$ cat run.cif   # mmCIF, C-alpha atoms and all ligand atoms
data_final
loop_
_atom_site.label_atom_id
_atom_site.label_comp_id
_atom_site.auth_asym_id
_atom_site.auth_seq_id
_atom_site.Cartn_x
_atom_site.Cartn_y
_atom_site.Cartn_z
CA MET A 7 -6.58 2.16 31.72
CA ARG A 8 -8.90 3.18 28.82
CA ALA A 9 -9.01 0.58 26.03
CA ASN A 10 -7.88 1.93 22.69
CA ARG A 11 -10.58 2.02 19.98
CA TYR A 12 -8.10 0.85 17.39
CA SER A 13 -6.99 -2.65 18.28
CA LEU A 14 -4.46 -4.50 16.13
CA ASP A 15 -7.31 -6.78 15.12
CA LYS A 16 -9.33 -3.84 13.82
CA LEU A 17 -6.35 -2.32 12.02
CA TYR A 18 -4.87 -5.46 10.46
CA TYR A 19 -7.05 -8.55 10.64
CA ARG A 20 -10.62 -7.69 9.70
CA ASP A 21 -12.02 -8.09 6.21
CA VAL A 22 -11.06 -5.75 3.39
CA SER A 23 -14.10 -3.44 3.65
CA GLN A 24 -13.86 -3.19 7.45
CA LYS A 25 -10.19 -2.18 7.24
CA LEU A 26 -11.12 0.49 4.69
CA ALA A 27 -13.90 1.76 7.00
CA THR A 28 -11.38 2.00 9.88
CA ALA A 29 -8.89 3.89 7.68
CA ARG A 30 -11.59 6.34 6.61
CA GLU A 31 -12.66 6.87 10.22
CA LEU A 32 -9.06 7.52 11.31
CA PHE A 33 -8.64 9.97 8.44
CA SER A 34 -11.87 11.88 8.92
CA GLU A 35 -11.75 12.03 12.72
CA HIS A 36 -8.02 12.36 13.33
CA GLY A 37 -6.43 13.28 9.98
CA ASP A 38 -5.43 16.72 11.28
CA ILE A 39 -3.59 15.17 14.26
CA PHE A 40 -1.46 13.04 11.92
CA MET A 41 -0.82 15.91 9.51
CA ASN A 42 0.20 18.23 12.34
CA GLU A 43 3.19 16.00 13.04
CA ALA A 44 6.18 17.36 11.12
CA GLU A 45 7.74 13.89 11.05
CA VAL A 46 4.65 12.49 9.31
CA ARG A 47 4.62 15.26 6.69
CA ILE A 48 8.31 14.73 5.93
CA MET A 49 7.86 10.97 5.64
CA LEU A 50 4.82 11.35 3.35
CA ASP A 51 6.92 13.59 1.06
CA ASN A 52 9.76 11.07 1.11
CA LEU A 53 7.36 8.27 0.31
CA THR A 54 5.94 10.21 -2.63
CA SER A 55 9.34 10.76 -4.20
CA LEU A 56 10.55 7.21 -3.48
CA SER A 57 7.35 5.76 -5.00
CA LEU A 58 7.81 7.94 -8.08
CA ASN A 59 11.36 6.66 -8.40
CA LEU A 60 10.11 3.07 -8.18
CA GLN A 61 7.43 3.75 -10.80
CA LYS A 62 10.06 5.19 -13.15
CA GLN A 63 12.26 2.14 -12.65
CA MET A 64 9.30 -0.18 -13.34
CA ALA A 65 8.38 1.79 -16.47
CA SER A 66 11.96 1.59 -17.76
CA MET A 67 11.72 -2.20 -17.44
CA THR A 68 8.38 -2.28 -19.32
CA MET A 69 6.78 -3.90 -16.29
CA GLY A 70 3.42 -2.29 -17.04
CA SER A 71 3.09 -4.20 -20.30
CA LEU A 72 4.47 -7.43 -18.79
CA CYS A 73 1.79 -7.30 -16.10
CA GLN A 74 -0.90 -6.42 -18.64
CA ILE A 75 -0.06 -9.53 -20.65
CA CYS A 76 -0.41 -11.62 -17.48
CA ALA A 77 -3.66 -9.94 -16.49
CA SER A 78 -5.17 -10.68 -19.90
CA LYS A 79 -4.52 -14.43 -19.56
CA PRO A 80 -7.24 -16.68 -18.08
CA GLU A 81 -5.20 -17.31 -14.90
CA GLY A 82 -4.77 -13.52 -14.49
CA GLY A 83 -1.93 -11.48 -12.98
CA CYS A 84 -0.78 -10.89 -9.43
CA CYS A 85 -3.61 -8.57 -8.43
CA SER A 86 -6.06 -11.23 -7.31
CA ALA A 87 -8.93 -10.76 -4.87
CA PHE A 88 -6.84 -12.69 -2.34
CA MET A 89 -4.13 -10.01 -2.47
CA ALA A 90 -6.63 -7.34 -1.38
CA ASN A 91 -6.47 -8.99 2.07
CA GLU A 92 -2.89 -7.75 2.32
CA THR A 93 -4.10 -4.17 2.65
CA ASP A 94 -4.52 -2.94 6.22
CA ALA A 95 -6.07 0.13 7.80
CA VAL A 96 -2.71 1.87 8.43
CA LEU A 97 -1.59 1.40 4.83
CA LEU A 98 -4.95 2.69 3.58
CA LEU A 99 -4.66 5.62 5.99
CA ILE A 100 -1.26 6.49 4.46
CA ASN A 101 -2.89 6.55 1.03
CA LEU A 102 -5.66 8.83 2.31
CA LEU A 103 -3.06 11.15 3.91
CA LEU A 104 -1.33 11.25 0.51
CA GLY A 105 -4.56 12.55 -1.04
CA ILE A 106 -5.62 9.29 -2.69
CA ASP A 107 -9.36 8.79 -2.85
CA VAL A 108 -9.21 5.15 -1.70
CA CYS A 109 -12.25 3.46 -3.20
CA PRO A 110 -13.00 -0.11 -4.23
CA GLN A 111 -12.93 -0.31 -8.01
CA ARG A 112 -14.73 -3.61 -8.38
CA ASP A 113 -16.67 -6.16 -6.43
CA ASP A 114 -15.85 -9.62 -7.73
CA ASP A 115 -14.10 -12.72 -6.43
CA PHE A 116 -11.29 -12.54 -8.99
CA GLU A 117 -9.35 -9.30 -8.90
CA CYS A 118 -8.13 -7.09 -6.05
CA CYS A 119 -10.79 -4.45 -5.36
CA TYR A 120 -8.16 -1.69 -5.67
CA LEU A 121 -7.25 -2.64 -9.23
CA GLY A 122 -8.60 0.04 -11.57
CA PRO A 123 -8.67 0.17 -15.38
CA SER A 124 -5.11 1.57 -15.48
CA GLY A 125 -3.65 -0.59 -12.71
CA CYS A 126 -3.36 -0.28 -8.95
CA THR A 127 -5.14 2.79 -7.59
CA LEU A 128 -3.14 2.84 -4.33
CA LYS A 129 -0.06 5.03 -4.16
CA VAL A 130 1.39 2.99 -1.32
CA LYS A 131 0.88 -0.75 -1.68
CA PRO A 132 1.09 -3.78 0.59
CA ILE A 133 4.56 -5.29 1.00
CA PHE A 134 3.67 -8.39 -1.03
CA CYS A 135 2.69 -6.22 -3.98
CA LEU A 136 6.27 -4.89 -4.08
CA ASN A 137 7.78 -8.34 -4.43
CA TYR A 138 8.60 -8.47 -8.14
CA ASN A 139 10.05 -11.92 -8.10
CA CYS A 140 8.20 -13.46 -11.01
CA ARG A 141 9.90 -15.23 -13.90
CA HIS A 142 8.56 -12.76 -16.51
CA ILE A 143 10.39 -9.93 -14.84
CA LEU A 144 13.44 -11.94 -13.78
CA THR A 145 14.03 -13.37 -17.26
CA GLY A 146 13.00 -10.28 -19.22
CA ASN A 147 15.50 -7.91 -17.61
CA GLY A 148 19.23 -7.62 -16.98
CA ALA A 149 20.95 -7.98 -13.60
CA GLY A 150 21.60 -4.21 -13.45
CA ASP A 151 17.92 -3.37 -13.89
CA LEU A 152 16.86 -5.98 -11.33
CA LYS A 153 19.34 -4.56 -8.82
CA GLU A 154 17.96 -1.04 -9.37
CA LEU A 155 14.41 -2.36 -9.03
CA ASP A 156 15.28 -4.09 -5.77
CA LYS A 157 16.97 -0.93 -4.48
CA ALA A 158 13.98 1.27 -5.39
CA ALA A 159 11.40 -1.15 -3.91
CA SER A 160 13.45 -1.60 -0.70
CA ALA A 161 13.72 2.18 -0.24
CA VAL A 162 9.91 2.50 -0.51
CA LEU A 163 9.39 -0.35 1.93
CA ARG A 164 11.79 1.08 4.51
CA GLU A 165 10.09 4.48 4.49
CA GLN A 166 6.63 2.90 4.47
CA THR A 167 7.43 0.70 7.47
CA ALA A 168 8.95 3.61 9.38
CA LEU A 169 5.90 5.78 8.70
CA GLU A 170 3.57 2.99 9.81
CA GLU A 171 5.42 2.85 13.12
CA VAL A 172 5.07 6.61 13.64
CA LEU A 173 1.36 6.51 12.79
CA LEU A 174 0.77 3.51 15.05
CA LYS A 175 2.29 5.41 17.96
CA THR A 176 -0.23 8.21 17.44
CA ILE A 177 -3.11 5.77 16.87
CA ARG A 178 -2.32 4.09 20.20
CA SER A 179 -2.63 7.45 21.93
CA LEU A 180 -6.08 8.31 20.50
S1 LIG A 201 4.41 -9.17 -11.41
FE1 LIG A 201 4.88 -10.82 -12.83
S2 LIG A 201 3.38 -12.45 -12.46
FE2 LIG A 201 2.62 -10.53 -11.57
S3 LIG A 201 1.33 -9.64 -13.15
FE3 LIG A 201 3.35 -8.73 -13.34
S4 LIG A 201 4.43 -9.97 -14.85
FE4 LIG A 201 2.63 -11.14 -14.13
S1 LIG A 202 -0.76 -3.91 -6.54
FE1 LIG A 202 -2.64 -2.79 -5.92
S2 LIG A 202 -4.26 -3.67 -7.18
FE2 LIG A 202 -2.56 -5.12 -7.18
S3 LIG A 202 -2.95 -6.54 -5.50
FE3 LIG A 202 -1.65 -4.92 -4.72
S4 LIG A 202 -3.07 -3.45 -3.85
FE4 LIG A 202 -4.26 -4.75 -5.20
#
$ encode --input "run.cif" --output "structure tokens"
Amino acid sequence: MRANRYSLDKLYYRDVSQKLATARELFSEHGDIFMNEAEVRIMLDNLTSLSLNLQKQMASMTMGSLCQICASKPEGGCCSAFMANETDAVLLLINLLLGIDVCPQRDDDFECCYLGPSGCTLKVKPIFCLNYNCRHILTGNGAGDLKELDKAASAVLREQTALEEVLLKTIRSL
């Protein structure tokens, strides 16, 4: 049996720049195959509207300014260079399929390379980046808002995970 060019190691466990190179290769060489799948197109649309809904919920809870306050402190916010390791080639491929020009924004040992001047440049983020469990957010907002936030983030995660599965099936067949 022919070995697949895209091993799990290559997709998930290499360093940040290698995973980005793999995502770009998948997009440029096979992007049309993914986009020809009706299921993929529907899921990308769903993901766009669910992500927008999550953004709206975050904005209504002033999370942008809470995170900015954190980021301006010496110990920084959540978007550390370490967190960039949580991105993988399939997630980056989803961003490329959504029309995001996925590009490192910085090259330092402190912040995530996908953190731009106005925040995260990825439309679809790693699971750990959707875990808004910090005390600033938990203490600064009411139970109703937190429940809505959880609901919106979970809906994004469910669709994201399902789309990853569909894409992986196609990647395995390449
Ligand atoms: S999620 Fe919480 S800890 Fe992280 S940057 Fe935002 S406010 Fe700070
Ligand atoms: S939210 Fe975006 S910028 Fe922040 S750590 Fe996650 S991927 Fe990086």
$ residues_around --input "run.cif" --residues "Arg30 of chain A" --least-positions-apart "5" --cutoff "10 Å" --atoms "only C-alpha atoms" --output "JSON, numbers by chain"
{"A": [24, 25, 35, 36, 37, 95, 98, 99, 102, 108]}
$ residues_near_ligand --input "run.cif" --ligand "ligand LIG 202 (chain A)" --cutoff "9 Å" --atoms "only C-alpha atoms and all ligand atoms" --output "PDB file with C-alpha atoms, in the frame of the given file"
ATOM      1  CA  GLY A  83      -1.930 -11.480 -12.980  1.00  0.00           C
ATOM      2  CA  CYS A  84      -0.780 -10.890  -9.430  1.00  0.00           C
ATOM      3  CA  CYS A  85      -3.610  -8.570  -8.430  1.00  0.00           C
ATOM      4  CA  SER A  86      -6.060 -11.230  -7.310  1.00  0.00           C
ATOM      5  CA  ALA A  87      -8.930 -10.760  -4.870  1.00  0.00           C
ATOM      6  CA  PHE A  88      -6.840 -12.690  -2.340  1.00  0.00           C
ATOM      7  CA  MET A  89      -4.130 -10.010  -2.470  1.00  0.00           C
ATOM      8  CA  ALA A  90      -6.630  -7.340  -1.380  1.00  0.00           C
ATOM      9  CA  ASN A  91      -6.470  -8.990   2.070  1.00  0.00           C
ATOM     10  CA  GLU A  92      -2.890  -7.750   2.320  1.00  0.00           C
ATOM     11  CA  THR A  93      -4.100  -4.170   2.650  1.00  0.00           C
ATOM     12  CA  GLU A 117      -9.350  -9.300  -8.900  1.00  0.00           C
ATOM     13  CA  CYS A 118      -8.130  -7.090  -6.050  1.00  0.00           C
ATOM     14  CA  CYS A 119     -10.790  -4.450  -5.360  1.00  0.00           C
ATOM     15  CA  TYR A 120      -8.160  -1.690  -5.670  1.00  0.00           C
ATOM     16  CA  LEU A 121      -7.250  -2.640  -9.230  1.00  0.00           C
ATOM     17  CA  GLY A 122      -8.600   0.040 -11.570  1.00  0.00           C
ATOM     18  CA  GLY A 125      -3.650  -0.590 -12.710  1.00  0.00           C
ATOM     19  CA  CYS A 126      -3.360  -0.280  -8.950  1.00  0.00           C
ATOM     20  CA  THR A 127      -5.140   2.790  -7.590  1.00  0.00           C
ATOM     21  CA  LEU A 128      -3.140   2.840  -4.330  1.00  0.00           C
ATOM     22  CA  LYS A 129      -0.060   5.030  -4.160  1.00  0.00           C
ATOM     23  CA  VAL A 130       1.390   2.990  -1.320  1.00  0.00           C
ATOM     24  CA  LYS A 131       0.880  -0.750  -1.680  1.00  0.00           C
ATOM     25  CA  PRO A 132       1.090  -3.780   0.590  1.00  0.00           C
ATOM     26  CA  ILE A 133       4.560  -5.290   1.000  1.00  0.00           C
ATOM     27  CA  PHE A 134       3.670  -8.390  -1.030  1.00  0.00           C
ATOM     28  CA  CYS A 135       2.690  -6.220  -3.980  1.00  0.00           C
ATOM     29  CA  LEU A 136       6.270  -4.890  -4.080  1.00  0.00           C
TER      30      LEU A 136
END
$ closest_atom_pairs --input "run.cif" --of "chain A" --to "ligand LIG 201 (chain A)" --cutoff "7 Å" --atoms "all atoms listed in the file" --output "tab-separated table"
residue	atom	partner	partner_atom	distance
A:Met69	CA	A:LIG201	FE3	6.6
A:Leu72	CA	A:LIG201	S4	4.7
A:Cys73	CA	A:LIG201	FE3	3.5
A:Gln74	CA	A:LIG201	S3	6.7
A:Cys76	CA	A:LIG201	FE4	4.5
A:Ala77	CA	A:LIG201	S3	6.0
A:Gly83	CA	A:LIG201	S3	3.7
A:Cys84	CA	A:LIG201	FE2	4.0
A:Cys85	CA	A:LIG201	S3	6.9
A:Tyr138	CA	A:LIG201	S1	5.4
A:Cys140	CA	A:LIG201	FE1	4.6
A:Arg141	CA	A:LIG201	FE1	6.8
A:His142	CA	A:LIG201	S4	5.3
A:Ile143	CA	A:LIG201	FE1	5.9
$ atom_distance --input "run.cif" --atom1 "atom CA of Gln63 of chain A" --atom2 "atom CA of Leu50 of chain A"
19.9 Å
$ atom_distance --input "run.cif" --atom1 "atom CA of Leu60 of chain A" --atom2 "atom CA of Asp21 of chain A"
28.7 Å
$ closest_residue --input "run.cif" --among "A:Gly148, A:Ile100, A:Glu81, A:Thr167" --to "Phe116 of chain A" --atoms "only C-alpha atoms"
A:Glu81
$ closest_residue --input "run.cif" --among "A:Asp114, A:Val172, A:Leu104, A:Glu154" --to "Thr54 of chain A" --atoms "all atoms listed in the file"
A:Leu104
$ residues_around --input "run.cif" --residues "Thr176 of chain A" --least-positions-apart "3" --cutoff "12 Å" --atoms "all atoms listed in the file" --output "list in words"
Asn10, Tyr12, Leu32, His36, Gly37, Asp38, Ile39, Phe40, Met41, Asn42, Glu43, Glu45, Val46, Val96, Leu169, Glu170, Glu171, Val172, Leu173, Ser179 and Leu180 of chain A
$ build_atoms --input "run.cif" --residues "segment 23-36 of chain A" --atoms "N, CA, C and O atoms" --output "JSON list (two decimals), in the coordinates of the input"
[["chain", "number", "residue", "atom", "x", "y", "z"],
["A", 23, "SER", "N", -13.25, -4.64, 3.55],
["A", 23, "SER", "CA", -14.10, -3.44, 3.65],
["A", 23, "SER", "C", -14.07, -2.86, 5.07],
["A", 23, "SER", "O", -14.14, -1.64, 5.25],
["A", 24, "GLN", "N", -13.92, -3.70, 6.09],
["A", 24, "GLN", "CA", -13.86, -3.19, 7.45],
["A", 24, "GLN", "C", -12.56, -2.40, 7.67],
["A", 24, "GLN", "O", -12.56, -1.37, 8.35],
["A", 25, "LYS", "N", -11.47, -2.90, 7.09],
["A", 25, "LYS", "CA", -10.19, -2.18, 7.24],
["A", 25, "LYS", "C", -10.26, -0.82, 6.54],
["A", 25, "LYS", "O", -9.73, 0.17, 7.03],
["A", 26, "LEU", "N", -10.95, -0.79, 5.40],
["A", 26, "LEU", "CA", -11.12, 0.49, 4.69],
["A", 26, "LEU", "C", -11.98, 1.44, 5.54],
["A", 26, "LEU", "O", -11.67, 2.63, 5.65],
["A", 27, "ALA", "N", -13.03, 0.91, 6.16],
["A", 27, "ALA", "CA", -13.90, 1.76, 7.00],
["A", 27, "ALA", "C", -13.09, 2.34, 8.16],
["A", 27, "ALA", "O", -13.23, 3.52, 8.52],
["A", 28, "THR", "N", -12.21, 1.52, 8.76],
["A", 28, "THR", "CA", -11.38, 2.00, 9.88],
["A", 28, "THR", "C", -10.42, 3.09, 9.40],
["A", 28, "THR", "O", -10.24, 4.12, 10.07],
["A", 29, "ALA", "N", -9.82, 2.88, 8.22],
["A", 29, "ALA", "CA", -8.89, 3.89, 7.68],
["A", 29, "ALA", "C", -9.62, 5.20, 7.44],
["A", 29, "ALA", "O", -9.13, 6.28, 7.77],
["A", 30, "ARG", "N", -10.82, 5.12, 6.88],
["A", 30, "ARG", "CA", -11.59, 6.34, 6.61],
["A", 30, "ARG", "C", -11.97, 7.05, 7.91],
["A", 30, "ARG", "O", -11.92, 8.28, 7.99],
["A", 31, "GLU", "N", -12.31, 6.27, 8.92],
["A", 31, "GLU", "CA", -12.66, 6.87, 10.22],
["A", 31, "GLU", "C", -11.44, 7.58, 10.82],
["A", 31, "GLU", "O", -11.54, 8.71, 11.29],
["A", 32, "LEU", "N", -10.29, 6.91, 10.79],
["A", 32, "LEU", "CA", -9.06, 7.52, 11.31],
["A", 32, "LEU", "C", -8.77, 8.82, 10.58],
["A", 32, "LEU", "O", -8.38, 9.83, 11.18],
["A", 33, "PHE", "N", -8.95, 8.79, 9.25],
["A", 33, "PHE", "CA", -8.64, 9.97, 8.44],
["A", 33, "PHE", "C", -9.61, 11.11, 8.73],
["A", 33, "PHE", "O", -9.20, 12.24, 8.94],
["A", 34, "SER", "N", -10.91, 10.78, 8.76],
["A", 34, "SER", "CA", -11.87, 11.88, 8.92],
["A", 34, "SER", "C", -11.87, 12.42, 10.35],
["A", 34, "SER", "O", -12.02, 13.61, 10.58],
["A", 35, "GLU", "N", -11.69, 11.55, 11.33],
["A", 35, "GLU", "CA", -11.75, 12.03, 12.72],
["A", 35, "GLU", "C", -10.42, 12.55, 13.26],
["A", 35, "GLU", "O", -10.40, 13.38, 14.16],
["A", 36, "HIS", "N", -9.32, 12.02, 12.73],
["A", 36, "HIS", "CA", -8.02, 12.36, 13.33],
["A", 36, "HIS", "C", -6.96, 12.78, 12.31],
["A", 36, "HIS", "O", -5.79, 12.91, 12.66]]
